[in-house]
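K.L.:
This is the structure I want to talk about, given as structure tokens.
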Amino acid sequence: MIGKRYLKMQFIDRDLLLEDLPSQVDYNWLLGLMNSWIKIESLPFKMGVLATVDENGIPSSRTVAIREINEHGFLFFTQLGSAKVTNFLVNPYVSFTFMLPTTQRQISVFGRVSPLSESDNIKYWNTYDKERRLRFLVYGTKSGRPIKKQQELDEELVLLREQYQETLPERPREYIGYMIIPQMIKFYQLNEHRLSDSITAKSTQGMWSIQRCAP
């Protein structure tokens, strides 16, 4: 019932790339597989679940938008005062999972985060239009702080629109980017007529070894 109302399931029954796996590949091979899986899903945004651990070993997770998947890793932006940034400072190791429900697939990435340089933060900030910048100034500079009413934020946005009618706001220090540098990537594909595929790729000195696992 849920599938009929919200999703039209599309079973792939094994990607040809997963049929005869090489024992070792370079990262570009994995990058191509990831991009092909995400592209066919036709997601409006590259979004998934980022999991971190705090100083007490307590995990937390939240949905995060990935800005880019490139030869370096997985790029995303956040707010300096967010809980995830606090967690990065005590434990930089994270996991990130793309759920691809239409094609019944999942990509899980395990690695560590690395902060972007100041110049890169400014470069990406400058790609935002005025409205996105103003909205970030409202919520990003006070992320996690308690407020009495949602109306406080709405009113602040109105004031900022008036203030920046003729100019663009510069990047605030709270706008920061991170790159997830992958060390292990897992691909999972649910098949309709065969057992599911479960593939694990691990990085070793610049090369990636691939192993098929029981689902």
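By order of appearance in the structure tokens: chains A, B, ..., then residues from 1 within every chain, and ligands from 1 in the order shown.
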Write out, as a Markdown table, each residue of segment 165-194 of chain A that has an atom at most 12 Å from segment 25-29 of chain A, together with the closest pair of atoms and their distance in Å to one decimal, counting only C-alpha atoms, rows going by chain and rising number.
P.N.:
```
| residue | atom | partner | partner_atom | distance |
| --- | --- | --- | --- | --- |
| A:Ile181 | CA | A:Tyr27 | CA | 11.4 |
| A:Pro182 | CA | A:Tyr27 | CA | 9.7 |
| A:Gln183 | CA | A:Tyr27 | CA | 10.5 |
| A:Met184 | CA | A:Tyr27 | CA | 10.9 |
| A:Ile185 | CA | A:Tyr27 | CA | 10.4 |
```
K.L.:
Quick one: write out the picked residues with C-alpha atoms as a short mmCIF file (atom, residue, chain, number, x, y, z; two decimals), in the first residue's frame?
P.N.:
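Here's the written file selection-v2.cif:
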```cif
data_model
loop_
_atom_site.label_atom_id
_atom_site.label_comp_id
_atom_site.auth_asym_id
_atom_site.auth_seq_id
_atom_site.Cartn_x
_atom_site.Cartn_y
_atom_site.Cartn_z
CA ILE A 181 37.17 11.28 2.45
CA PRO A 182 36.00 7.68 1.91
CA GLN A 183 37.91 4.69 3.23
CA MET A 184 35.21 2.10 2.64
CA ILE A 185 32.12 2.11 0.39
#
```
K.L.:
Extract, using only C-alpha atoms, all DNA, RNA and protein residues at most 12 Å from Ile38 of chain A, discarding same-chain residues fewer than 4 positions from it, and format them as a list in words.
P.N.:
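The residues that qualify are Leu31, Gly32, Leu33, Met34, Ser42, Leu43, Pro44, Phe45, Lys46, Met47, Gly48, Ile66, Ile69, Thr97, Phe98, Met99, Leu100, Pro101, Thr102, Thr103, Gln104, Arg105, Gln106, Ile107 and Phe187 of chain A.
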K.L.:
My list of candidates is A:Phe76, A:Trp125, A:Phe96, A:Tyr175. Which is closest to Val109 of chain A when distances are computed with only C-alpha atoms?
P.N.:
A:Phe96
K.L.:
Just give me the gap between atom CA of Arg112 of chain A and atom CA of Ile180 of chain A in Å, one decimal is fine.
P.N.:
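Atom CA of Ile180 of chain A lies 5.6 Å from atom CA of Arg112 of chain A.
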K.L.:
For Asn126 of chain A, work out the shell of residues within 9 Å, counting only C-alpha atoms and skipping chain neighbours fewer than 4 positions away, then give it as a count of residues only.
P.N.:
5
K.L.:
Kindly indicate which residue among A:Gln163, A:Glu156, A:Ser95, A:Leu30 lies nearest to Ser61 of chain A, using only C-alpha atoms for the distances.
P.N.:
A:Ser95
K.L.:
Restricting the calculation to only C-alpha atoms, which member of A:Pro146, A:Pro215, A:Pro115, A:Pro169 is positioned closest to Arg132 of chain A?
P.N.:
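Between A:Pro146, A:Pro215, A:Pro115, A:Pro169, the residue approaching Arg132 of chain A most closely is A:Pro169.
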K.L.:
So which bits of segment 121-154 of chain A end up alpha helix (DSSP H) when you DSSP the backbone, as a CSV table (one decimal) with N, CA and C atoms, in the first residue's frame?
P.N.:
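Contents of selection.csv, as written:
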```csv
chain,number,residue,atom,x,y,z
A,121,ASN,N,35.6,27.9,1.1
A,121,ASN,CA,34.3,28.3,1.7
A,121,ASN,C,33.8,29.5,1.0
A,122,ILE,N,34.6,30.5,0.8
A,122,ILE,CA,34.2,31.7,0.2
A,122,ILE,C,33.7,31.5,-1.3
A,123,LYS,N,34.5,30.6,-2.0
A,123,LYS,CA,34.2,30.3,-3.4
A,123,LYS,C,32.8,29.7,-3.5
A,124,TYR,N,32.4,28.8,-2.6
A,124,TYR,CA,31.1,28.2,-2.7
A,124,TYR,C,30.0,29.1,-2.2
A,125,TRP,N,30.3,29.9,-1.2
A,125,TRP,CA,29.3,30.9,-0.7
A,125,TRP,C,28.9,31.8,-1.8
A,130,LYS,N,21.1,35.6,-3.6
A,130,LYS,CA,20.9,36.5,-2.4
A,130,LYS,C,19.9,35.9,-1.4
A,131,GLU,N,18.8,35.3,-1.9
A,131,GLU,CA,17.9,34.7,-0.9
A,131,GLU,C,18.5,33.6,-0.1
A,132,ARG,N,19.2,32.7,-0.7
A,132,ARG,CA,19.9,31.6,0.1
A,132,ARG,C,20.9,32.2,1.1
A,133,ARG,N,21.6,33.2,0.7
A,133,ARG,CA,22.5,33.8,1.6
A,133,ARG,C,21.8,34.4,2.8
A,134,LEU,N,20.7,35.1,2.5
A,134,LEU,CA,20.0,35.8,3.6
A,134,LEU,C,19.4,34.7,4.6
A,135,ARG,N,18.9,33.7,4.0
A,135,ARG,CA,18.3,32.6,4.9
A,135,ARG,C,19.4,32.0,5.8
A,136,PHE,N,20.5,31.8,5.2
A,136,PHE,CA,21.6,31.3,6.0
A,136,PHE,C,22.0,32.2,7.1
A,137,LEU,N,22.0,33.5,6.8
A,137,LEU,CA,22.3,34.5,7.9
A,137,LEU,C,21.3,34.4,9.0
A,138,VAL,N,20.1,34.0,8.7
A,138,VAL,CA,19.1,34.0,9.8
A,138,VAL,C,19.3,32.7,10.6
A,139,TYR,N,19.4,31.5,10.0
A,139,TYR,CA,19.4,30.3,10.8
A,139,TYR,C,20.9,29.8,11.1
A,150,GLN,N,8.9,30.9,16.1
A,150,GLN,CA,9.4,30.8,14.7
A,150,GLN,C,9.3,32.2,14.0
A,151,GLN,N,8.3,33.0,14.5
A,151,GLN,CA,8.1,34.3,13.9
A,151,GLN,C,9.4,35.2,14.0
A,152,GLU,N,10.2,34.9,15.1
A,152,GLU,CA,11.4,35.7,15.2
A,152,GLU,C,12.3,35.6,14.0
A,153,LEU,N,12.4,34.4,13.5
A,153,LEU,CA,13.3,34.2,12.3
A,153,LEU,C,12.7,34.8,11.1
A,154,ASP,N,11.4,34.7,10.9
A,154,ASP,CA,10.7,35.3,9.8
A,154,ASP,C,10.9,36.8,9.8
```
